[in-house]
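Peer 1: File follows, query.cif with mmCIF, C-alpha atoms and all ligand atoms:
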data_target
loop_
_atom_site.label_atom_id
_atom_site.label_comp_id
_atom_site.auth_asym_id
_atom_site.auth_seq_id
_atom_site.Cartn_x
_atom_site.Cartn_y
_atom_site.Cartn_z
CA MET X 1 0.00 0.00 0.00
CA GLY X 2 1.29 3.46 -0.91
CA LYS X 3 0.91 6.55 1.26
CA SER X 4 -2.72 7.64 1.61
CA LYS X 5 -3.82 10.61 -0.44
CA LEU X 6 -4.48 14.07 0.99
CA ARG X 7 -8.19 14.83 1.24
CA ALA X 8 -9.21 17.90 -0.77
CA ALA X 9 -12.29 20.13 -0.71
CA ILE X 10 -13.37 22.08 -3.79
CA LEU X 11 -15.29 25.29 -3.05
CA GLY X 12 -17.46 26.42 -5.97
CA VAL X 13 -17.37 22.92 -7.40
CA THR X 14 -20.20 23.27 -9.93
CA GLY X 15 -18.69 26.35 -11.64
CA MET X 16 -16.51 26.65 -14.72
CA VAL X 17 -13.33 26.33 -12.66
CA GLY X 18 -14.84 23.80 -10.25
CA GLN X 19 -15.55 21.46 -13.17
CA GLN X 20 -11.88 21.58 -14.23
CA TYR X 21 -10.84 20.64 -10.67
CA VAL X 22 -13.19 17.67 -10.78
CA ARG X 23 -11.71 16.55 -14.11
CA MET X 24 -8.05 17.16 -13.24
CA LEU X 25 -8.12 15.69 -9.73
CA GLU X 26 -9.74 12.42 -10.79
CA ASN X 27 -6.96 9.82 -10.41
CA HIS X 28 -4.52 12.41 -9.04
CA PRO X 29 -1.57 10.58 -7.44
CA TRP X 30 -1.46 12.67 -4.23
CA PHE X 31 -4.86 14.36 -3.76
CA GLU X 32 -8.37 12.95 -3.53
CA VAL X 33 -11.53 15.04 -3.67
CA THR X 34 -13.61 14.23 -0.59
CA THR X 35 -15.69 17.41 -0.05
CA LEU X 36 -17.77 19.36 -2.56
CA VAL X 37 -18.96 22.83 -1.56
CA GLY X 38 -21.57 24.96 -3.32
CA SER X 39 -24.34 27.40 -2.56
CA ARG X 40 -27.52 26.91 -4.62
CA SER X 41 -26.47 23.33 -5.34
CA ALA X 42 -25.98 22.43 -1.66
CA GLY X 43 -28.19 19.50 -0.63
CA LYS X 44 -28.16 17.93 -4.12
CA LEU X 45 -25.95 15.27 -5.61
CA TYR X 46 -23.21 16.75 -7.85
CA GLY X 47 -24.71 15.00 -10.87
CA GLU X 48 -28.11 16.65 -10.24
CA ALA X 49 -26.68 20.11 -9.62
CA VAL X 50 -23.96 20.55 -12.24
CA GLU X 51 -24.44 21.86 -15.79
CA TRP X 52 -21.40 19.91 -17.03
CA ILE X 53 -19.98 21.62 -20.13
CA ASP X 54 -16.87 19.59 -20.98
CA SER X 55 -16.98 16.95 -23.73
CA TYR X 56 -15.04 14.72 -21.30
CA GLU X 57 -17.34 12.39 -19.33
CA PRO X 58 -17.60 13.56 -15.68
CA PRO X 59 -16.25 11.01 -13.16
CA ALA X 60 -19.04 8.75 -11.83
CA ARG X 61 -17.72 8.82 -8.25
CA ILE X 62 -18.07 12.60 -8.06
CA MET X 63 -21.46 12.66 -9.82
CA ASN X 64 -22.85 10.61 -6.91
CA MET X 65 -21.34 12.74 -4.14
CA PRO X 66 -23.44 15.31 -2.25
CA VAL X 67 -22.71 19.03 -2.48
CA LYS X 68 -22.76 20.80 0.88
CA VAL X 69 -22.66 24.37 2.17
CA ALA X 70 -19.35 25.88 3.30
CA GLU X 71 -18.50 25.07 6.92
CA PRO X 72 -14.90 26.26 7.36
CA GLU X 73 -14.93 25.56 11.11
CA SER X 74 -15.92 21.91 10.85
CA GLU X 75 -14.61 20.65 7.49
CA ASP X 76 -12.47 17.52 7.74
CA VAL X 77 -9.90 17.80 4.93
CA ASP X 78 -6.15 18.28 4.38
CA LEU X 79 -6.29 21.03 1.76
CA VAL X 80 -8.77 23.33 0.06
CA PHE X 81 -9.12 24.54 -3.53
CA SER X 82 -11.32 27.63 -3.68
CA SER X 83 -13.04 28.71 -6.89
CA LEU X 84 -15.67 30.91 -5.30
CA PRO X 85 -16.97 34.16 -6.80
CA THR X 86 -15.10 37.22 -5.48
CA GLU X 87 -17.61 38.23 -2.79
CA ALA X 88 -18.00 34.71 -1.38
CA ALA X 89 -14.20 34.31 -1.46
CA TYR X 90 -13.81 37.50 0.63
CA GLN X 91 -16.02 35.87 3.25
CA LEU X 92 -14.71 32.32 3.10
CA ASP X 93 -11.10 32.07 1.82
CA THR X 94 -9.52 33.47 5.00
CA LYS X 95 -11.78 31.33 7.22
CA TYR X 96 -10.60 28.21 5.42
CA ALA X 97 -6.98 29.43 5.36
CA ALA X 98 -7.06 29.86 9.14
CA ARG X 99 -7.37 26.07 9.41
CA PHE X 100 -6.20 24.51 6.12
CA PRO X 101 -3.67 25.11 3.35
CA THR X 102 -5.93 26.89 0.83
CA VAL X 103 -5.21 27.71 -2.80
CA SER X 104 -7.65 30.23 -4.27
CA ASP X 105 -8.49 31.27 -7.83
CA ALA X 106 -10.49 34.29 -6.68
CA SER X 107 -9.11 37.80 -7.00
CA SER X 108 -10.18 38.76 -3.46
CA TYR X 109 -6.82 38.42 -1.67
CA ARG X 110 -4.35 38.32 -4.60
CA MET X 111 -2.87 41.75 -3.91
CA GLU X 112 -2.52 41.39 -0.11
CA PRO X 113 1.16 41.96 0.76
CA ASP X 114 1.52 38.68 2.69
CA VAL X 115 -0.36 36.50 0.19
CA PRO X 116 1.71 34.80 -2.54
CA LEU X 117 0.34 35.23 -6.08
CA LEU X 118 1.96 32.32 -7.77
CA ILE X 119 2.85 30.68 -11.04
CA PRO X 120 5.15 27.85 -10.00
CA GLU X 121 7.45 28.22 -13.03
CA VAL X 122 7.71 32.00 -12.61
CA ASN X 123 7.98 33.02 -8.95
CA PRO X 124 8.24 29.93 -6.72
CA ASP X 125 10.34 31.93 -4.25
CA HIS X 126 7.26 34.06 -3.42
CA LEU X 127 5.96 31.04 -1.47
CA GLY X 128 8.41 32.19 1.21
CA LEU X 129 5.82 34.89 2.07
CA LEU X 130 3.92 32.18 3.91
CA GLU X 131 6.28 32.56 6.85
CA VAL X 132 5.32 36.26 7.08
CA GLN X 133 1.64 35.29 6.67
CA ARG X 134 1.76 32.76 9.53
CA ARG X 135 3.57 35.22 11.80
CA LYS X 136 1.17 38.04 11.04
CA ARG X 137 -2.12 36.13 11.01
CA GLY X 138 -1.39 33.25 13.38
CA TRP X 139 -3.07 30.76 11.01
CA LYS X 140 -2.68 27.01 11.22
CA GLY X 141 -3.29 26.88 7.47
CA SER X 142 -2.24 29.26 4.69
CA LEU X 143 -3.58 31.17 1.70
CA VAL X 144 -1.88 31.13 -1.70
CA THR X 145 -3.59 32.65 -4.73
CA SER X 146 -3.55 31.74 -8.41
CA PRO X 147 -3.54 34.75 -10.74
CA ASN X 148 -6.10 36.21 -13.11
CA CYS X 149 -6.45 33.97 -16.17
CA THR X 150 -5.26 36.68 -18.58
CA ALA X 151 -2.26 37.63 -16.44
CA THR X 152 -1.22 33.97 -16.21
CA GLY X 153 -0.43 33.32 -19.88
CA LEU X 154 1.05 36.78 -20.25
CA VAL X 155 3.43 36.40 -17.33
CA ILE X 156 4.58 32.93 -18.43
CA ALA X 157 5.52 34.38 -21.84
CA LEU X 158 7.08 37.55 -20.44
CA LYS X 159 9.19 35.92 -17.73
CA PRO X 160 11.97 34.39 -19.91
CA LEU X 161 12.02 37.46 -22.17
CA HIS X 162 12.29 39.75 -19.14
CA ASP X 163 15.19 37.71 -17.76
CA ALA X 164 16.97 37.82 -21.13
CA TYR X 165 16.24 41.36 -22.35
CA ARG X 166 14.72 43.39 -19.43
CA ILE X 167 11.26 44.47 -20.56
CA ARG X 168 10.58 48.18 -20.07
CA LYS X 169 7.04 48.20 -21.42
CA ALA X 170 4.43 45.65 -22.45
CA VAL X 171 1.31 46.73 -24.36
CA VAL X 172 -1.26 43.97 -24.56
CA SER X 173 -4.58 43.51 -26.32
CA THR X 174 -6.70 40.48 -25.33
CA MET X 175 -9.41 38.32 -26.90
CA GLN X 176 -10.94 36.51 -23.94
CA ALA X 177 -13.11 33.41 -24.00
CA LEU X 178 -16.64 33.15 -22.60
CA SER X 179 -15.83 30.59 -19.88
CA GLY X 180 -13.71 33.32 -18.29
CA ALA X 181 -16.98 34.96 -17.22
CA GLY X 182 -18.17 31.86 -15.31
CA TYR X 183 -21.45 29.98 -15.86
CA PRO X 184 -23.84 31.01 -17.42
CA GLY X 185 -21.70 34.08 -18.14
CA VAL X 186 -22.38 36.57 -20.93
CA PRO X 187 -25.91 36.36 -22.47
CA SER X 188 -25.78 34.85 -25.99
CA LEU X 189 -27.64 37.83 -27.50
CA ARG X 190 -24.84 40.09 -26.30
CA ILE X 191 -21.90 38.06 -27.59
CA ILE X 192 -22.89 36.17 -30.78
CA ASP X 193 -21.92 38.32 -33.80
CA ASN X 194 -20.11 40.65 -31.41
CA VAL X 195 -16.96 41.65 -29.52
CA ILE X 196 -17.23 43.52 -26.22
CA PRO X 197 -14.25 45.81 -25.54
CA TYR X 198 -14.69 45.88 -21.77
CA ILE X 199 -14.48 43.49 -18.80
CA LYS X 200 -15.00 45.20 -15.46
CA GLY X 201 -11.79 45.64 -13.47
CA GLU X 202 -9.81 43.32 -15.75
CA GLU X 203 -7.27 45.76 -17.23
CA GLU X 204 -6.20 47.00 -13.81
CA LYS X 205 -5.99 43.46 -12.41
CA VAL X 206 -3.83 42.13 -15.25
CA ALA X 207 -1.37 45.05 -14.98
CA ALA X 208 -1.06 44.98 -11.19
CA GLU X 209 -0.80 41.18 -10.95
CA THR X 210 1.83 41.01 -13.72
CA LYS X 211 4.00 43.48 -11.83
CA LYS X 212 3.54 41.64 -8.53
CA MET X 213 4.46 38.23 -9.98
CA LEU X 214 7.52 39.56 -11.77
CA GLY X 215 8.48 41.57 -8.69
CA ALA X 216 11.36 40.81 -6.35
CA LYS X 217 10.85 39.23 -2.93
CA SER X 218 12.69 40.81 -0.03
CA SER X 219 12.60 39.27 3.45
CA ASP X 220 8.93 40.06 4.05
CA ALA X 221 7.40 41.71 0.98
CA ILE X 222 7.29 41.82 -2.83
CA SER X 223 8.38 44.99 -4.64
CA PRO X 224 6.44 45.16 -7.90
CA ASP X 225 8.51 45.09 -11.08
CA PRO X 226 8.94 48.60 -12.54
CA MET X 227 7.96 47.57 -16.12
CA GLY X 228 5.05 49.49 -17.63
CA VAL X 229 2.06 47.27 -18.45
CA SER X 230 -0.85 48.57 -20.52
CA VAL X 231 -3.79 46.25 -21.18
CA MET X 232 -6.81 46.47 -23.51
CA VAL X 233 -9.33 43.68 -22.99
CA HIS X 234 -12.04 42.24 -25.26
CA ARG X 235 -14.61 39.49 -24.67
CA VAL X 236 -15.03 37.36 -27.79
CA ALA X 237 -17.26 34.40 -28.65
CA THR X 238 -14.75 31.59 -28.10
CA ILE X 239 -15.52 29.04 -25.37
CA ASP X 240 -12.09 28.46 -23.77
CA GLY X 241 -8.63 29.97 -24.23
CA HIS X 242 -7.57 33.59 -23.95
CA LEU X 243 -5.64 34.93 -26.96
CA GLU X 244 -3.41 37.96 -26.37
CA SER X 245 -1.31 40.15 -28.70
CA ALA X 246 1.66 41.75 -27.00
CA TYR X 247 4.10 44.47 -28.02
CA ILE X 248 7.14 44.68 -25.77
CA GLU X 249 9.98 47.16 -25.53
CA THR X 250 13.26 46.02 -24.01
CA GLU X 251 16.42 47.52 -22.56
CA ARG X 252 18.72 45.10 -24.39
CA PRO X 253 18.51 44.54 -28.15
CA VAL X 254 16.41 41.52 -29.20
CA ASP X 255 17.14 39.05 -31.96
CA VAL X 256 13.89 37.36 -33.07
CA GLU X 257 15.31 33.85 -33.58
CA GLU X 258 17.18 34.02 -30.29
CA ALA X 259 14.00 35.23 -28.52
CA LYS X 260 12.14 32.15 -29.81
CA GLU X 261 14.89 29.96 -28.37
CA VAL X 262 14.65 31.78 -25.05
CA LEU X 263 10.89 31.06 -24.98
CA ARG X 264 11.30 27.41 -26.06
CA ASP X 265 14.04 26.73 -23.50
CA PHE X 266 12.09 28.12 -20.55
CA ARG X 267 11.70 25.59 -17.72
CA GLY X 268 10.92 26.07 -14.03
CA LYS X 269 10.80 24.31 -10.70
CA PRO X 270 7.73 22.17 -11.58
CA GLN X 271 9.64 20.62 -14.51
CA GLU X 272 12.76 20.16 -12.36
CA MET X 273 10.66 18.54 -9.60
CA LYS X 274 8.68 16.50 -12.15
CA LEU X 275 5.35 17.49 -10.58
CA PRO X 276 2.41 15.44 -11.88
CA THR X 277 0.61 18.41 -13.48
CA ALA X 278 3.74 20.12 -14.87
CA PRO X 279 3.82 20.26 -18.66
CA GLU X 280 7.14 19.21 -20.20
CA ARG X 281 7.30 22.60 -21.90
CA PRO X 282 5.67 25.58 -20.17
CA ILE X 283 5.91 27.48 -23.48
CA ILE X 284 5.28 26.01 -26.92
CA VAL X 285 6.48 28.18 -29.81
CA MET X 286 4.63 27.81 -33.12
CA GLU X 287 6.11 28.86 -36.45
CA GLN X 288 2.95 28.80 -38.64
CA ASP X 289 1.84 32.29 -39.71
CA ASP X 290 -1.74 31.83 -38.50
CA ARG X 291 -1.22 30.20 -35.08
CA PRO X 292 -1.92 29.97 -32.19
CA GLN X 293 -5.68 29.71 -32.49
CA PRO X 294 -7.97 28.99 -29.50
CA ARG X 295 -9.87 26.07 -31.04
CA LEU X 296 -6.76 24.35 -32.37
CA ASP X 297 -4.13 25.05 -29.75
CA ARG X 298 -5.63 25.58 -26.28
CA MET X 299 -5.06 21.93 -25.31
CA ALA X 300 -1.53 21.68 -26.78
CA GLY X 301 1.28 20.05 -24.83
CA SER X 302 2.00 17.07 -22.59
CA VAL X 303 -0.56 18.16 -19.95
CA PRO X 304 -3.44 19.60 -22.02
CA GLY X 305 -4.21 23.23 -21.22
CA MET X 306 -1.11 23.80 -19.06
CA SER X 307 1.26 25.22 -21.70
CA THR X 308 1.25 28.77 -23.02
CA VAL X 309 1.33 28.68 -26.81
CA VAL X 310 3.27 31.52 -28.42
CA GLY X 311 3.36 32.38 -32.11
CA ARG X 312 3.85 35.24 -34.56
CA VAL X 313 7.09 36.24 -32.82
CA ARG X 314 8.43 39.13 -34.86
CA ARG X 315 10.32 42.39 -34.69
CA GLY X 316 8.59 45.55 -33.47
CA LEU X 317 9.43 49.07 -34.62
CA ASP X 318 13.14 48.70 -33.81
CA ASP X 319 15.60 46.13 -32.48
CA HIS X 320 14.61 46.87 -28.88
CA SER X 321 11.09 45.57 -29.43
CA LEU X 322 9.13 42.43 -30.19
CA ARG X 323 5.58 41.49 -31.20
CA LEU X 324 3.97 38.17 -30.36
CA THR X 325 0.63 36.39 -29.93
CA LEU X 326 0.00 34.06 -27.02
CA LEU X 327 -2.74 31.66 -26.01
CA SER X 328 -3.47 30.29 -22.55
CA HIS X 329 -6.33 28.03 -21.42
CA ASN X 330 -8.20 30.19 -18.91
CA THR X 331 -9.88 27.57 -16.72
CA ILE X 332 -6.89 25.15 -16.79
CA ARG X 333 -3.57 27.05 -16.58
CA GLY X 334 -5.54 30.21 -15.79
CA ALA X 335 -7.24 28.66 -12.74
CA ALA X 336 -7.67 25.01 -11.64
CA GLY X 337 -4.53 23.60 -13.30
CA ASN X 338 -2.27 26.32 -11.94
CA ALA X 339 -3.77 25.94 -8.46
CA ILE X 340 -3.20 22.17 -8.55
CA LEU X 341 0.41 22.77 -9.66
CA ILE X 342 0.84 25.19 -6.74
CA ALA X 343 -0.49 22.55 -4.32
CA GLU X 344 1.83 19.93 -5.82
CA MET X 345 4.83 22.18 -5.34
CA MET X 346 3.72 22.97 -1.75
CA HIS X 347 3.36 19.24 -1.11
CA GLU X 348 6.91 18.54 -2.30
CA LEU X 349 8.33 21.48 -0.31
CA GLY X 350 6.61 20.35 2.91
CA TYR X 351 4.03 23.18 3.07
CA LEU X 352 1.04 20.82 3.29
CA GLU X 353 2.15 19.01 6.44
N1 LIG G 1 -13.58 31.16 -15.29
C1 LIG G 1 -12.29 31.43 -15.38
O1 LIG G 1 -11.67 31.31 -16.46
C2 LIG G 1 -11.52 31.89 -14.17
C3 LIG G 1 -10.14 31.99 -14.26
C4 LIG G 1 -9.40 32.43 -13.14
C5 LIG G 1 -10.07 32.74 -11.98
N2 LIG G 1 -11.42 32.64 -11.92
C6 LIG G 1 -12.07 32.95 -10.63
O2 LIG G 1 -12.51 31.71 -10.07
C7 LIG G 1 -13.74 31.90 -9.36
C8 LIG G 1 -14.78 30.96 -9.93
O3 LIG G 1 -15.01 31.27 -11.29
P1 LIG G 1 -16.01 30.42 -12.20
O4 LIG G 1 -15.83 30.94 -13.56
O5 LIG G 1 -15.84 28.98 -11.93
O6 LIG G 1 -17.43 30.91 -11.61
P2 LIG G 1 -18.88 30.23 -11.75
O7 LIG G 1 -18.96 29.38 -12.96
O8 LIG G 1 -19.85 31.34 -11.59
O9 LIG G 1 -18.97 29.27 -10.45
C9 LIG G 1 -19.07 29.76 -9.15
C10 LIG G 1 -19.28 28.62 -8.17
O10 LIG G 1 -19.27 29.12 -6.83
C11 LIG G 1 -20.37 28.57 -6.11
N3 LIG G 1 -20.76 29.53 -5.07
C12 LIG G 1 -21.25 30.78 -5.21
N4 LIG G 1 -21.43 31.36 -4.00
C13 LIG G 1 -21.08 30.44 -3.07
C14 LIG G 1 -21.05 30.42 -1.65
N5 LIG G 1 -21.44 31.47 -0.93
N6 LIG G 1 -20.63 29.29 -1.03
C15 LIG G 1 -20.24 28.21 -1.72
N7 LIG G 1 -20.24 28.17 -3.08
C16 LIG G 1 -20.65 29.26 -3.74
C17 LIG G 1 -21.42 28.30 -7.15
O11 LIG G 1 -22.19 27.24 -6.64
P3 LIG G 1 -23.79 27.09 -6.78
O12 LIG G 1 -24.04 26.85 -8.22
O13 LIG G 1 -24.04 25.92 -5.90
O14 LIG G 1 -24.39 28.35 -6.26
C18 LIG G 1 -20.55 27.84 -8.34
O15 LIG G 1 -20.21 26.47 -8.17
C19 LIG G 1 -14.07 33.39 -9.49
O16 LIG G 1 -13.56 34.08 -8.37
C20 LIG G 1 -13.33 33.80 -10.75
O17 LIG G 1 -13.01 35.17 -10.75
C21 LIG G 1 -12.16 32.21 -12.97
#
Here is a file; write its structure as structure tokens.
Ligand SMILES: NC(=O)c1ccc[n+]([C@@H]2O[C@H](COP(=O)([O-])OP(=O)(O)OC[C@H]3O[C@@H](n4cnc5c(N)ncnc54)[C@H](OP(=O)(O)O)[C@@H]3O)[C@@H](O)[C@H]2O)c1

Peer 2:
Amino acid sequence: MGKSKLRAAILGVTGMVGQQYVRMLENHPWFEVTTLVGSRSAGKLYGEAVEWIDSYEPPARIMNMPVKVAEPESEDVDLVFSSLPTEAAYQLDTKYAARFPTVSDASSYRMEPDVPLLIPEVNPDHLGLLEVQRRKRGWKGSLVTSPNCTATGLVIALKPLHDAYRIRKAVVSTMQALSGAGYPGVPSLRIIDNVIPYIKGEEEKVAAETKKMLGAKSSDAISPDPMGVSVMVHRVATIDGHLESAYIETERPVDVEEAKEVLRDFRGKPQEMKLPTAPERPIIVMEQDDRPQPRLDRMAGSVPGMSTVVGRVRRGLDDHSLRLTLLSHNTIRGAAGNAILIAEMMHELGYLE
């Protein structure tokens, strides 16, 4: 018999992100879902409550499990994945974190100075903030947050370029999928035959989170990276996968072919540690003129949905600039998948004991 698995709760389990947790944690080597938490669906079986949208068959074991209301004081689990809406997360994430290691996809606490905002390949050292968090809050558990789904793909692509060329400015225009708005999300009569050039609060979040994740950790805080980040968001009628066009200006001169190598060669701690949900290549570079495309490329890579796909890498206005297009699966790497990878890294580093 191997070691028993850690028991996990999923908060917001019927939602767009919750459904990805259910899919990705089925047969996970270290974690087992034992508690399902919802609001309107509480009291029903998961199979009765969920509007399952994936083409993948939902796991039978979970379909027959009951959904319950949140009871942070009496839950009996080893870790918590929270995919609650922002307001509910304000109420509940810290209550769970007081008792359990909690990884949250909600934006509610991402910018708190003692809360790590983490992409395991990009800023694993920011986990060290948990010591400050424990000291300050006296929690038995901990709270780590997973970033905004648009910031996630962007930061994965920017990180190796920033290390190689020092980015001074990044100007980004996004085409964001419908599942990013949760279920049922944007009404069909507003989005079919349309593009909406506004998502409340999104531009500010992407800029601030990018700077926090690329920022430097001192003994007890993160100083945001000084790069300028300007974001223009659009909601488009794709189902999954946020596409982003970026124009970057750098301190050091950039050679396009070398920049592609820098992106292709990028690896992080999850790959080094061989974590179960780590893709072999965090960044996949495509050479075709018309890629990446959401429908074709959002599930690319060894762990579908976990790699950022970059294409159209080309020179900007001068040799201190670069243009590129990137694609990142919003509910997988942009939420559940990244949170699971965070928990796997915490497990290996002894933070879940
Ligand atoms: N969608 C994305 O691409 C994405 C990416 C990154 C981060 N996020 C963040 O992740 C969170 C979830 O997003 P989503 O798209 O999955 O939203 P969603 O589809 O609207 O799902 C929300 C879930 O939360 C549950 N819920 C609501 N209030 C609750 C409460 N008081 N107690 C317990 N459960 C409650 C709902 O359950 P009932 O149906 O039972 O009421 C539902 O399962 C949000 O904070 C979002 O900003 C989303």

Peer 1: For ligand LIG 1 (chain G), collect every residue having any atom at a distance of at most 6 Å from a ligand atom (counting all atoms listed in the file); output as a VMD selection string.

Peer 2: chain X and resid 11 to 18 37 to 42 69 to 70 83 to 86 88 105 to 107 148 to 149 179 to 183 330 to 331 334 to 335

Peer 1: Which residue, X:Met345, X:Ala89, X:Ala246, X:Leu327, has the smallest gap to Glu272 of chain X when you use all atoms listed in the file?

Peer 2: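 With all atoms listed in the file as the atom set, the closest residue is X:Met345.
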
Peer 1: What is the atom CA of Leu154 of chain X-atom CA of Asp240 of chain X distance in Å, reported with one decimal?

Peer 2: 15.9 Å

Peer 1: Write out as number ranges by chain each polymer residue whose atoms come within 10 Å of Leu178 of chain X, counting all atoms listed in the file; drop sequence neighbours fewer than 2 positions from it.

Peer 2: X: 175-176, 180-188, 191, 235-242, 330

Peer 1: Expressed in Å to a single decimal, how great is the separation between atom CA of Thr174 of chain X and atom CA of Asp319 of chain X?

Peer 2: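 If I compute the distance from atom CA of Thr174 of chain X to atom CA of Asp319 of chain X, I get 24.1 Å.
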
Peer 1: What separation in Å, quoted to one decimal, exists between atom CA of Ala336 of chain X and atom CA of Leu36 of chain X?

Peer 2: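 Rounded to one decimal, the two atoms are 14.7 Å apart.
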
Peer 1: Between X:Ile119, X:Ala8, X:Gly268, X:Ile199, which is the closest to Gly153 of chain X once you count only C-alpha atoms?

Peer 2: X:Ile119

Peer 1: With distances taken over all atoms listed in the file, which of X:Val171, X:Leu326, X:Ala339, X:Val22 is nearest to Val313 of chain X?

Peer 2: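 Under the stated criterion, the closest residue is X:Leu326.
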
Peer 1: Tell me which of X:Ala157, X:Met111, X:Leu129, X:Leu317 sits closest to Tyr351 of chain X, counting only C-alpha atoms.

Peer 2: X:Leu129

Peer 1: Please provide as a list in words all residues within 10 Å of Glu249 of chain X, with the sequence filter that same-chain residues fewer than 4 positions apart are discarded (counting all atoms listed in the file).

Peer 2: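 Contacts, with the query itself left out: Tyr165, Arg166, Ile167, Arg168, Lys169, Ala170, Val171, Met227, Gly228, Pro253, Val254, Gly316, Leu317, Asp318, Asp319, His320, Ser321, Leu322 and Arg323 of chain X.
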
Peer 1: Could you write out that same residue set with C-alpha atoms as a CSV table (one decimal), in the frame of the given file?

Peer 2:
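The resulting file, out-v2.csv, is reproduced below:
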chain,number,residue,atom,x,y,z
X,165,TYR,CA,16.2,41.4,-22.4
X,166,ARG,CA,14.7,43.4,-19.4
X,167,ILE,CA,11.3,44.5,-20.6
X,168,ARG,CA,10.6,48.2,-20.1
X,169,LYS,CA,7.0,48.2,-21.4
X,170,ALA,CA,4.4,45.6,-22.4
X,171,VAL,CA,1.3,46.7,-24.4
X,227,MET,CA,8.0,47.6,-16.1
X,228,GLY,CA,5.0,49.5,-17.6
X,253,PRO,CA,18.5,44.5,-28.2
X,254,VAL,CA,16.4,41.5,-29.2
X,316,GLY,CA,8.6,45.6,-33.5
X,317,LEU,CA,9.4,49.1,-34.6
X,318,ASP,CA,13.1,48.7,-33.8
X,319,ASP,CA,15.6,46.1,-32.5
X,320,HIS,CA,14.6,46.9,-28.9
X,321,SER,CA,11.1,45.6,-29.4
X,322,LEU,CA,9.1,42.4,-30.2
X,323,ARG,CA,5.6,41.5,-31.2
